[in-house]
>>> print(open('run.pdb').read())   # PDB, C-alpha atoms
ATOM      1  CA  MET D   1      72.021  71.702 182.027
ATOM      2  CA  GLU D   2      70.959  69.839 185.157
ATOM      3  CA  ILE D   3      72.526  71.256 188.293
ATOM      4  CA  ASN D   4      73.667  67.761 189.286
ATOM      5  CA  ASP D   5      75.847  67.357 186.187
ATOM      6  CA  ASP D   6      77.228  70.838 186.505
ATOM      7  CA  TYR D   7      81.001  70.814 186.949
ATOM      8  CA  LEU D   8      83.822  73.260 186.586
ATOM      9  CA  ASP D   9      86.069  71.527 184.064
ATOM     10  CA  LEU D  10      89.745  72.461 184.023
ATOM     11  CA  LYS D  11      91.488  70.386 181.359
ATOM     12  CA  GLY D  12      89.421  67.355 182.297
ATOM     13  CA  HIS D  13      89.720  67.868 186.067
ATOM     14  CA  LYS D  14      86.157  68.273 187.297
ATOM     15  CA  PHE D  15      85.119  70.275 190.332
ATOM     16  CA  LYS D  16      81.720  70.567 191.938
ATOM     17  CA  SER D  17      82.684  73.768 193.723
ATOM     18  CA  ARG D  18      82.940  77.015 191.794
ATOM     19  CA  PHE D  19      84.645  78.871 194.603
ATOM     20  CA  ILE D  20      88.431  79.005 194.619
ATOM     21  CA  LEU D  21      89.629  80.157 197.996
ATOM     22  CA  GLY D  22      92.810  82.085 198.700
ATOM     23  CA  SER D  23      94.669  81.219 201.894
ATOM     24  CA  GLY D  24      96.459  84.540 202.417
ATOM     25  CA  LYS D  25      96.238  87.194 205.086
ATOM     26  CA  TYR D  26      94.260  85.397 207.783
ATOM     27  CA  SER D  27      95.129  83.254 210.744
ATOM     28  CA  ILE D  28      96.427  79.891 209.592
ATOM     29  CA  ASP D  29      94.185  78.256 212.206
ATOM     30  CA  LEU D  30      91.133  79.438 210.274
ATOM     31  CA  ILE D  31      92.079  77.893 206.918
ATOM     32  CA  LYS D  32      90.428  74.553 207.610
ATOM     33  CA  ALA D  33      87.131  76.104 208.739
ATOM     34  CA  ALA D  34      87.188  78.547 205.833
ATOM     35  CA  VAL D  35      87.810  75.767 203.299
ATOM     36  CA  GLU D  36      85.032  73.648 204.793
ATOM     37  CA  ASN D  37      82.523  76.483 204.984
ATOM     38  CA  ALA D  38      83.435  77.559 201.449
ATOM     39  CA  SER D  39      83.044  73.960 200.230
ATOM     40  CA  ALA D  40      86.193  74.823 198.301
ATOM     41  CA  GLU D  41      87.996  72.119 196.353
ATOM     42  CA  ILE D  42      90.843  74.360 195.214
ATOM     43  CA  VAL D  43      92.933  76.538 197.531
ATOM     44  CA  THR D  44      95.771  78.830 196.506
ATOM     45  CA  VAL D  45      99.185  78.982 198.161
ATOM     46  CA  ALA D  46     102.367  80.961 197.471
ATOM     47  CA  LEU D  47     105.942  79.732 197.146
ATOM     48  CA  ARG D  48     108.554  81.551 199.187
ATOM     49  CA  ARG D  49     111.976  81.042 200.701
ATOM     50  CA  ALA D  50     111.629  78.918 203.807
ATOM     51  CA  ASN D  51     112.008  80.851 207.030
ATOM     52  CA  GLN D  52     114.841  79.817 209.213
ATOM     53  CA  GLY D  53     113.725  78.119 212.396
ATOM     54  CA  GLY D  54     110.676  76.787 210.583
ATOM     55  CA  VAL D  55     107.155  78.121 210.426
ATOM     56  CA  ASP D  56     103.840  76.376 210.621
ATOM     57  CA  ASN D  57     103.584  73.741 207.965
ATOM     58  CA  ILE D  58     100.710  74.858 205.778
ATOM     59  CA  PHE D  59     100.068  71.268 204.670
ATOM     60  CA  ASP D  60      98.847  70.562 208.214
ATOM     61  CA  TYR D  61      96.125  73.182 207.893
ATOM     62  CA  ILE D  62      94.701  72.448 204.454
ATOM     63  CA  PRO D  63      92.362  69.451 204.189
ATOM     64  CA  LYS D  64      94.011  66.613 202.263
ATOM     65  CA  ASP D  65      91.314  66.255 199.600
ATOM     66  CA  VAL D  66      91.743  69.848 198.452
ATOM     67  CA  VAL D  67      93.720  70.634 195.278
ATOM     68  CA  LEU D  68      96.565  73.028 196.001
ATOM     69  CA  LEU D  69      96.830  75.813 193.467
ATOM     70  CA  PRO D  70     100.285  77.401 193.799
ATOM     71  CA  ASN D  71     100.514  80.915 192.431
ATOM     72  CA  THR D  72     103.592  82.498 190.896
ATOM     73  CA  SER D  73     103.323  85.690 192.932
ATOM     74  CA  GLY D  74     106.608  87.522 193.128
ATOM     75  CA  ALA D  75     107.367  86.784 189.474
ATOM     76  CA  ARG D  76     108.159  89.882 187.408
ATOM     77  CA  ASN D  77     108.431  88.124 184.071
ATOM     78  CA  ALA D  78     107.678  84.823 182.332
ATOM     79  CA  GLU D  79     111.053  83.332 183.192
ATOM     80  CA  GLU D  80     110.577  83.887 186.922
ATOM     81  CA  ALA D  81     107.024  82.548 186.788
ATOM     82  CA  ILE D  82     108.201  79.385 185.032
ATOM     83  CA  ARG D  83     110.897  78.868 187.660
ATOM     84  CA  ILE D  84     108.353  79.251 190.483
ATOM     85  CA  ALA D  85     105.939  76.902 188.698
ATOM     86  CA  HIS D  86     108.592  74.197 188.446
ATOM     87  CA  LEU D  87     109.499  74.489 192.122
ATOM     88  CA  SER D  88     105.816  74.477 193.063
ATOM     89  CA  ARG D  89     105.112  71.348 191.066
ATOM     90  CA  GLU D  90     107.981  69.580 192.805
ATOM     91  CA  LEU D  91     106.500  70.576 196.163
ATOM     92  CA  SER D  92     102.777  70.073 195.518
ATOM     93  CA  GLY D  93     103.098  67.042 193.289
ATOM     94  CA  SER D  94     100.310  68.449 191.139
ATOM     95  CA  ASP D  95     100.238  70.214 187.789
ATOM     96  CA  PHE D  96      97.978  73.090 188.780
ATOM     97  CA  VAL D  97      99.488  76.561 188.664
ATOM     98  CA  LYS D  98      98.052  80.054 188.773
ATOM     99  CA  ILE D  99     100.228  82.407 186.749
ATOM    100  CA  GLU D 100     100.615  85.798 188.345
ATOM    101  CA  ILE D 101     103.179  88.148 186.830
ATOM    102  CA  MET D 102     103.477  91.741 187.959
ATOM    103  CA  ARG D 103     105.864  94.574 187.277
ATOM    104  CA  ASP D 104     103.694  97.230 188.810
ATOM    105  CA  SER D 105     103.800  97.400 192.580
ATOM    106  CA  LYS D 106     101.223 100.154 193.070
ATOM    107  CA  TYR D 107      98.215  98.593 191.365
ATOM    108  CA  LEU D 108      99.557  95.021 191.163
ATOM    109  CA  LEU D 109      98.205  94.749 187.638
ATOM    110  CA  PRO D 110      99.191  91.608 185.744
ATOM    111  CA  ASP D 111     101.578  91.773 182.798
ATOM    112  CA  ASN D 112      99.470  90.194 180.075
ATOM    113  CA  PHE D 113     102.307  89.812 177.575
ATOM    114  CA  GLU D 114     104.615  87.936 179.937
ATOM    115  CA  THR D 115     101.628  85.893 181.135
ATOM    116  CA  ILE D 116     101.014  84.611 177.601
ATOM    117  CA  LYS D 117     104.668  83.596 177.295
ATOM    118  CA  ALA D 118     104.640  81.719 180.603
ATOM    119  CA  THR D 119     101.320  80.057 179.778
ATOM    120  CA  GLU D 120     102.602  78.763 176.461
ATOM    121  CA  LYS D 121     105.696  77.195 178.004
ATOM    122  CA  LEU D 122     104.009  75.691 181.053
ATOM    123  CA  ALA D 123     101.002  74.338 179.147
ATOM    124  CA  SER D 124     103.407  72.608 176.745
ATOM    125  CA  GLU D 125     104.990  70.945 179.778
ATOM    126  CA  GLY D 126     101.655  69.554 180.918
ATOM    127  CA  PHE D 127     100.726  72.089 183.580
ATOM    128  CA  VAL D 128      97.089  72.988 184.176
ATOM    129  CA  VAL D 129      97.686  76.687 183.636
ATOM    130  CA  MET D 130      95.325  79.209 185.228
ATOM    131  CA  PRO D 131      96.468  82.680 184.167
ATOM    132  CA  TYR D 132      95.540  85.799 186.123
ATOM    133  CA  MET D 133      95.079  88.567 183.571
ATOM    134  CA  TYR D 134      93.784  92.026 182.785
ATOM    135  CA  PRO D 135      90.510  91.470 180.886
ATOM    136  CA  ASP D 136      91.424  91.976 177.258
ATOM    137  CA  LEU D 137      89.758  89.876 174.573
ATOM    138  CA  ASN D 138      92.816  89.564 172.336
ATOM    139  CA  VAL D 139      94.985  88.452 175.227
ATOM    140  CA  ALA D 140      92.331  86.004 176.383
ATOM    141  CA  ARG D 141      92.306  84.439 172.913
ATOM    142  CA  ASP D 142      96.102  84.240 172.929
ATOM    143  CA  LEU D 143      96.013  82.570 176.347
ATOM    144  CA  ARG D 144      93.480  80.056 175.072
ATOM    145  CA  ASP D 145      95.648  79.333 172.044
ATOM    146  CA  ALA D 146      98.670  79.008 174.332
ATOM    147  CA  GLY D 147      96.902  76.183 176.165
ATOM    148  CA  ALA D 148      95.436  77.840 179.261
ATOM    149  CA  ALA D 149      92.940  75.757 181.252
ATOM    150  CA  CYS D 150      90.859  78.842 182.012
ATOM    151  CA  ILE D 151      91.133  82.609 182.017
ATOM    152  CA  MET D 152      91.261  84.538 185.291
ATOM    153  CA  PRO D 153      90.382  88.187 184.624
ATOM    154  CA  LEU D 154      90.521  90.690 187.455
ATOM    155  CA  ALA D 155      87.379  92.461 188.650
ATOM    156  CA  ALA D 156      89.401  95.190 190.371
ATOM    157  CA  PRO D 157      92.967  95.512 191.681
ATOM    158  CA  ILE D 158      94.094  92.733 194.020
ATOM    159  CA  GLY D 159      93.012  93.085 197.616
ATOM    160  CA  SER D 160      90.859  96.153 196.931
ATOM    161  CA  ASN D 161      87.390  94.684 197.620
ATOM    162  CA  ARG D 162      86.053  97.251 195.144
ATOM    163  CA  GLY D 163      84.000  94.818 193.110
ATOM    164  CA  LEU D 164      83.198  94.689 189.414
ATOM    165  CA  GLU D 165      85.178  97.602 188.013
ATOM    166  CA  THR D 166      85.864  95.687 184.787
ATOM    167  CA  ARG D 167      82.379  94.257 184.448
ATOM    168  CA  ALA D 168      81.770  95.100 180.781
ATOM    169  CA  PHE D 169      85.084  93.580 179.709
ATOM    170  CA  ILE D 170      84.625  90.415 181.724
ATOM    171  CA  LYS D 171      81.239  90.031 180.022
ATOM    172  CA  ILE D 172      82.977  90.147 176.629
ATOM    173  CA  LEU D 173      85.315  87.329 177.690
ATOM    174  CA  ILE D 174      82.376  85.251 178.917
ATOM    175  CA  ASP D 175      80.505  85.808 175.656
ATOM    176  CA  GLU D 176      83.406  85.213 173.291
ATOM    177  CA  LEU D 177      85.533  82.466 174.831
ATOM    178  CA  ASP D 178      84.693  78.813 175.071
ATOM    179  CA  LEU D 179      86.896  78.398 178.136
ATOM    180  CA  PRO D 180      86.086  78.748 181.842
ATOM    181  CA  ILE D 181      86.246  82.372 182.963
ATOM    182  CA  ILE D 182      87.183  82.537 186.637
ATOM    183  CA  VAL D 183      86.886  86.026 188.043
ATOM    184  CA  ASP D 184      89.796  86.724 190.348
ATOM    185  CA  ALA D 185      90.792  89.744 192.416
ATOM    186  CA  GLY D 186      88.761  92.663 193.643
ATOM    187  CA  ILE D 187      85.528  90.832 194.414
ATOM    188  CA  GLY D 188      84.611  92.316 197.770
ATOM    189  CA  SER D 189      81.237  90.919 198.762
ATOM    190  CA  PRO D 190      79.004  87.901 198.196
ATOM    191  CA  SER D 191      76.566  89.990 196.128
ATOM    192  CA  GLN D 192      79.376  90.839 193.680
ATOM    193  CA  ALA D 193      80.396  87.181 193.479
ATOM    194  CA  CYS D 194      76.781  86.273 192.807
ATOM    195  CA  GLN D 195      76.564  88.893 190.068
ATOM    196  CA  VAL D 196      79.518  87.571 188.083
ATOM    197  CA  MET D 197      78.138  84.061 188.366
ATOM    198  CA  GLU D 198      74.763  85.291 187.073
ATOM    199  CA  MET D 199      76.659  86.839 184.155
ATOM    200  CA  GLY D 200      77.988  83.392 183.297
ATOM    201  CA  ALA D 201      81.397  83.314 184.909
ATOM    202  CA  SER D 202      82.499  79.729 185.589
ATOM    203  CA  ALA D 203      83.898  80.375 189.058
ATOM    204  CA  VAL D 204      85.071  83.035 191.470
ATOM    205  CA  MET D 205      88.353  83.237 193.286
ATOM    206  CA  ALA D 206      88.409  85.319 196.457
ATOM    207  CA  ASN D 207      90.804  85.883 199.296
ATOM    208  CA  THR D 208      90.903  89.391 200.749
ATOM    209  CA  ALA D 209      87.119  89.739 201.015
ATOM    210  CA  ILE D 210      87.142  86.715 203.296
ATOM    211  CA  ALA D 211      90.444  87.476 205.036
ATOM    212  CA  THR D 212      89.373  90.984 206.020
ATOM    213  CA  ALA D 213      85.823  90.052 207.076
ATOM    214  CA  GLY D 214      84.762  90.238 210.695
ATOM    215  CA  ASN D 215      84.246  86.476 210.784
ATOM    216  CA  VAL D 216      86.393  84.591 208.264
ATOM    217  CA  PRO D 217      84.649  81.180 208.204
ATOM    218  CA  ALA D 218      81.187  82.790 208.176
ATOM    219  CA  MET D 219      82.121  85.001 205.228
ATOM    220  CA  ALA D 220      83.547  81.976 203.398
ATOM    221  CA  GLU D 221      80.150  80.350 203.743
ATOM    222  CA  ALA D 222      78.306  83.495 202.628
ATOM    223  CA  PHE D 223      80.439  83.572 199.470
ATOM    224  CA  ALA D 224      79.802  79.890 198.820
ATOM    225  CA  GLN D 225      76.047  80.438 199.009
ATOM    226  CA  ALA D 226      76.191  83.524 196.782
ATOM    227  CA  ILE D 227      78.285  81.736 194.155
ATOM    228  CA  LYS D 228      75.920  78.780 194.174
ATOM    229  CA  ALA D 229      72.885  81.068 193.878
ATOM    230  CA  GLY D 230      74.494  82.985 191.018
ATOM    231  CA  ARG D 231      75.318  79.781 189.170
ATOM    232  CA  GLU D 232      71.803  78.442 189.579
ATOM    233  CA  ALA D 233      70.358  81.744 188.372
ATOM    234  CA  TYR D 234      72.602  81.618 185.307
ATOM    235  CA  LEU D 235      71.555  78.049 184.517
ATOM    236  CA  ALA D 236      67.898  78.945 185.088
ATOM    237  CA  GLY D 237      68.225  81.878 182.675
ATOM    238  CA  LEU D 238      67.564  85.358 184.022
ATOM    239  CA  GLY D 239      64.233  86.955 183.231
ATOM    240  CA  ARG D 240      64.144  89.703 180.632
ATOM    241  CA  ILE D 241      64.515  93.380 181.422
ATOM    242  CA  VAL D 242      61.815  95.867 180.408
ATOM    243  CA  LYS D 243      63.669  98.982 179.296
ATOM    244  CA  GLU D 244      60.824 101.431 179.838
ATOM    245  CA  GLY D 245      57.550 101.444 181.767
ATOM    246  CA  ALA D 246      56.314  98.358 183.569
ATOM    247  CA  SER D 247      54.862  94.943 182.956
ATOM    248  CA  ALA D 248      52.075  93.875 185.296
ATOM    249  CA  SER D 249      52.512  90.622 187.200
ATOM    250  CA  SER D 250      48.823  90.325 188.096
ATOM    251  CA  PRO D 251      45.848  90.064 185.660
ATOM    252  CA  LEU D 252      44.793  93.359 184.106
ATOM    253  CA  THR D 253      41.133  92.285 184.173
ATOM    254  CA  GLY D 254      38.585  91.470 186.861
ATOM    255  CA  TYR D 255      39.227  94.507 189.021
ATOM    256  CA  LEU D 256      36.590  95.234 191.668
ATOM    257  CA  ARG D 257      35.355  98.324 189.939
ATOM    258  CA  ASP D 258      33.222  99.317 186.938
TER
ATOM    259  CA  MET E   1     131.382  79.940 200.690
ATOM    260  CA  ILE E   2     127.888  79.074 199.445
ATOM    261  CA  LYS E   3     124.715  81.145 199.324
ATOM    262  CA  VAL E   4     121.568  79.800 200.958
ATOM    263  CA  ASN E   5     118.368  81.782 200.425
ATOM    264  CA  GLY E   6     120.455  84.850 199.704
ATOM    265  CA  GLU E   7     122.682  84.526 202.783
ATOM    266  CA  GLU E   8     126.343  83.581 202.530
ATOM    267  CA  MET E   9     127.593  80.702 204.649
ATOM    268  CA  GLU E  10     130.511  78.299 204.967
ATOM    269  CA  ILE E  11     130.116  74.696 203.898
ATOM    270  CA  GLY E  12     131.948  73.576 207.025
ATOM    271  CA  SER E  13     131.396  69.921 207.738
ATOM    272  CA  LEU E  14     128.154  69.627 205.748
ATOM    273  CA  ALA E  15     128.515  66.678 203.383
ATOM    274  CA  ASN E  16     125.484  67.167 201.168
ATOM    275  CA  LEU E  17     122.267  69.063 200.509
ATOM    276  CA  LYS E  18     120.217  66.903 202.859
ATOM    277  CA  GLU E  19     122.528  67.750 205.746
ATOM    278  CA  LEU E  20     122.331  71.440 204.857
ATOM    279  CA  VAL E  21     118.528  71.361 204.818
ATOM    280  CA  GLU E  22     118.373  69.609 208.169
ATOM    281  CA  SER E  23     121.053  71.825 209.707
ATOM    282  CA  GLN E  24     118.887  74.829 208.830
ATOM    283  CA  GLY E  25     115.984  73.327 210.722
ATOM    284  CA  TYR E  26     113.835  72.288 207.749
ATOM    285  CA  ASN E  27     112.001  69.040 207.250
ATOM    286  CA  PRO E  28     113.196  67.786 203.828
ATOM    287  CA  GLN E  29     109.671  66.517 203.130
ATOM    288  CA  LEU E  30     108.241  70.043 203.294
ATOM    289  CA  VAL E  31     110.711  71.987 201.185
ATOM    290  CA  VAL E  32     112.133  71.936 197.692
ATOM    291  CA  CYS E  33     115.746  72.748 196.913
ATOM    292  CA  GLU E  34     117.181  74.408 193.903
ATOM    293  CA  VAL E  35     120.939  74.558 193.320
ATOM    294  CA  ASN E  36     122.221  77.004 190.730
ATOM    295  CA  LEU E  37     118.702  77.209 189.260
ATOM    296  CA  GLU E  38     118.292  73.438 189.015
ATOM    297  CA  ILE E  39     115.778  71.585 191.128
ATOM    298  CA  VAL E  40     117.182  68.737 193.180
ATOM    299  CA  SER E  41     114.459  66.210 193.897
ATOM    300  CA  ARG E  42     113.884  65.071 197.461
ATOM    301  CA  GLU E  43     115.300  61.604 196.787
ATOM    302  CA  LYS E  44     118.507  63.092 195.429
ATOM    303  CA  LEU E  45     119.257  65.512 198.287
ATOM    304  CA  GLN E  46     121.685  63.085 199.846
ATOM    305  CA  ASP E  47     123.548  62.565 196.581
ATOM    306  CA  ARG E  48     124.158  66.232 195.893
ATOM    307  CA  GLY E  49     127.384  67.357 197.519
ATOM    308  CA  LEU E  50     128.014  71.016 198.280
ATOM    309  CA  GLU E  51     130.490  72.940 196.182
ATOM    310  CA  GLU E  52     132.061  76.341 196.671
ATOM    311  CA  GLY E  53     129.969  79.013 194.972
ATOM    312  CA  ASP E  54     126.718  77.012 194.987
ATOM    313  CA  GLU E  55     123.653  79.206 195.122
ATOM    314  CA  ILE E  56     120.938  77.327 196.927
ATOM    315  CA  GLU E  57     117.285  78.127 197.390
ATOM    316  CA  ILE E  58     115.209  76.267 199.935
ATOM    317  CA  VAL E  59     111.539  77.045 199.360
ATOM    318  CA  THR E  60     108.175  76.056 200.760
ATOM    319  CA  PHE E  61     104.510  76.979 200.506
ATOM    320  CA  MET E  62     103.060  79.810 202.523
ATOM    321  CA  GLN E  63      99.622  81.340 202.707
ATOM    322  CA  GLY E  64      98.747  83.313 199.579
ATOM    323  CA  GLY E  65      96.005  84.266 197.178
TER
END
>>> encode(input="run.pdb", output="structure tokens")
Amino acid sequence: MEINDDYLDLKGHKFKSRFILGSGKYSIDLIKAAVENASAEIVTVALRRANQGGVDNIFDYIPKDVVLLPNTSGARNAEEAIRIAHLSRELSGSDFVKIEIMRDSKYLLPDNFETIKATEKLASEGFVVMPYMYPDLNVARDLRDAGAACIMPLAAPIGSNRGLETRAFIKILIDELDLPIIVDAGIGSPSQACQVMEMGASAVMANTAIATAGNVPAMAEAFAQAIKAGREAYLAGLGRIVKEGASASSPLTGYLRD
Amino acid sequence: MIKVNGEEMEIGSLANLKELVESQGYNPQLVVCEVNLEIVSREKLQDRGLEEGDEIEIVTFMQGG
């Protein structure tokens, strides 16, 4: 595939950028610079009760051409996620939703079963459903059959910056599913983002790694470059690995000796 | 008595949902309202009167991942 025709395709919505940026946990003033440096076309937001007295209007800080991806954080089951998705659609005016359903507050691991139920309902209502999930092949197939636009397996628990703890299982999803695999949660550094892209992931979503960096906009840019490099390496096709010994890169003849 | 974002309050002189939203300091363009688990679209805020026992959620987007 030529790099110029290379798009992330979510139910027919095409994106040049393969970096989905979270907007949480950093100064709201930095969102615009982070989005620009990340070249992000999709940015996540969360739906909450409005604060009395009013807070900063997040719409003022996110560039207008960016697609808002509301998440269903706070939902403990499918029913709550569906309710949040409906409210979010009314507010964003777009059909994109990231399903996030958690019952566990220590590890914040997603509830795969409830996620399938919510995906089925919301996809049938025309949402572009992007489910956050624990990387399990059977669940991923169920999510695909339920109408998900992509699968968003976690690399490590949310906000941990621990990297590719589920690497082998994400690889199975990439190999077996004909649907974009967007690695979400736990990616802590650009090198890890690059690695999942080299493996064939379709995109990376990151928030905490950028939010907790020394320089937020600079880290957003570093991630963007790493994701781009990883994608290009994947498209180029990685060189083979020699399991034992070595393989000379220079001619084995013509040495200056007898 | 009605419940707004989990807090009880009196309807008082508020005639409709739009007045409630504005009285709470929110810009109706930046929030979505749900009454008794049903979404009330922005255009309909003015038409929805307040009734005793209504449970109202006024929500907006915040930063999140």
>>> closest_residue(input="run.pdb", among="E:Ile58, E:Gly65, E:Ser23, E:Ile2", to="E:Ser41", atoms="only C-alpha atoms")
E:Ile58
>>> residues_around(input="run.pdb", residues="E:Leu37", least_positions_apart="3", cutoff="12 Å", atoms="all atoms listed in the file", output="VMD selection string")
(chain D and resid 79 to 80 82 to 84 86 to 87) or (chain E and resid 32 to 34 40 54 to 58)
>>> resolve_selection(input="run.pdb", expression="the ChimeraX specification (/E :<8) & /D", output="mmCIF file with C-alpha atoms, in the coordinates of the input")
data_model
loop_
_atom_site.group_PDB
_atom_site.id
_atom_site.type_symbol
_atom_site.label_atom_id
_atom_site.label_comp_id
_atom_site.auth_asym_id
_atom_site.auth_seq_id
_atom_site.Cartn_x
_atom_site.Cartn_y
_atom_site.Cartn_z
ATOM 1 C CA LEU D 21 89.629 80.157 197.996
ATOM 2 C CA GLY D 22 92.810 82.085 198.700
ATOM 3 C CA SER D 23 94.669 81.219 201.894
ATOM 4 C CA GLY D 24 96.459 84.540 202.417
ATOM 5 C CA LYS D 25 96.238 87.194 205.086
ATOM 6 C CA ILE D 28 96.427 79.891 209.592
ATOM 7 C CA THR D 44 95.771 78.830 196.506
ATOM 8 C CA VAL D 45 99.185 78.982 198.161
ATOM 9 C CA ALA D 46 102.367 80.961 197.471
ATOM 10 C CA LEU D 47 105.942 79.732 197.146
ATOM 11 C CA ARG D 48 108.554 81.551 199.187
ATOM 12 C CA ARG D 49 111.976 81.042 200.701
ATOM 13 C CA ALA D 50 111.629 78.918 203.807
ATOM 14 C CA GLN D 52 114.841 79.817 209.213
ATOM 15 C CA GLY D 53 113.725 78.119 212.396
ATOM 16 C CA GLY D 54 110.676 76.787 210.583
ATOM 17 C CA ASN D 57 103.584 73.741 207.965
ATOM 18 C CA ILE D 58 100.710 74.858 205.778
ATOM 19 C CA PRO D 70 100.285 77.401 193.799
ATOM 20 C CA ASN D 71 100.514 80.915 192.431
ATOM 21 C CA LEU D 87 109.499 74.489 192.122
ATOM 22 C CA SER D 88 105.816 74.477 193.063
ATOM 23 C CA GLU D 90 107.981 69.580 192.805
ATOM 24 C CA LEU D 91 106.500 70.576 196.163
ATOM 25 C CA ALA D 206 88.409 85.319 196.457
ATOM 26 C CA ASN D 207 90.804 85.883 199.296
#
>>> atom_distance(input="run.pdb", atom1="atom CA of D:Asn112", atom2="atom CA of D:Asp175")
20.0 Å
>>> residues_around(input="run.pdb", residues="stretch 200-202 of chain D", least_positions_apart="2", cutoff="7 Å", atoms="only C-alpha atoms", output="MDAnalysis selection string")
chainID D and resid 8 18 174 180:183 196:198 234
>>> residues_around(input="run.pdb", residues="D:Ile101", least_positions_apart="4", cutoff="7 Å", atoms="all atoms listed in the file", output="list in words")
Thr72, Ser73, Ala75, Arg76, Asn77, Ala81, Pro110, Asp111 and Thr115 of chain D
>>> residues_around(input="run.pdb", residues="D:Lys98", least_positions_apart="2", cutoff="8 Å", atoms="all atoms listed in the file", output="MDAnalysis selection string")
chainID D and resid 69:72 96 100 129:132
>>> write_last_selection(input="run.pdb", atoms="C-alpha atoms", output="PDB file, keeping the file's coordinate frame")
ATOM      1  CA  LEU D  69      96.830  75.813 193.467  1.00  0.00           C
ATOM      2  CA  PRO D  70     100.285  77.401 193.799  1.00  0.00           C
ATOM      3  CA  ASN D  71     100.514  80.915 192.431  1.00  0.00           C
ATOM      4  CA  THR D  72     103.592  82.498 190.896  1.00  0.00           C
ATOM      5  CA  PHE D  96      97.978  73.090 188.780  1.00  0.00           C
ATOM      6  CA  GLU D 100     100.615  85.798 188.345  1.00  0.00           C
ATOM      7  CA  VAL D 129      97.686  76.687 183.636  1.00  0.00           C
ATOM      8  CA  MET D 130      95.325  79.209 185.228  1.00  0.00           C
ATOM      9  CA  PRO D 131      96.468  82.680 184.167  1.00  0.00           C
ATOM     10  CA  TYR D 132      95.540  85.799 186.123  1.00  0.00           C
TER      11      TYR D 132
END
>>> residues_around(input="run.pdb", residues="E:Leu45", least_positions_apart="4", cutoff="9 Å", atoms="only C-alpha atoms", output="list in words")
Asn16, Leu17, Lys18, Glu19, Val21, Pro28, Cys33, Val40, Ser41 and Gly49 of chain E
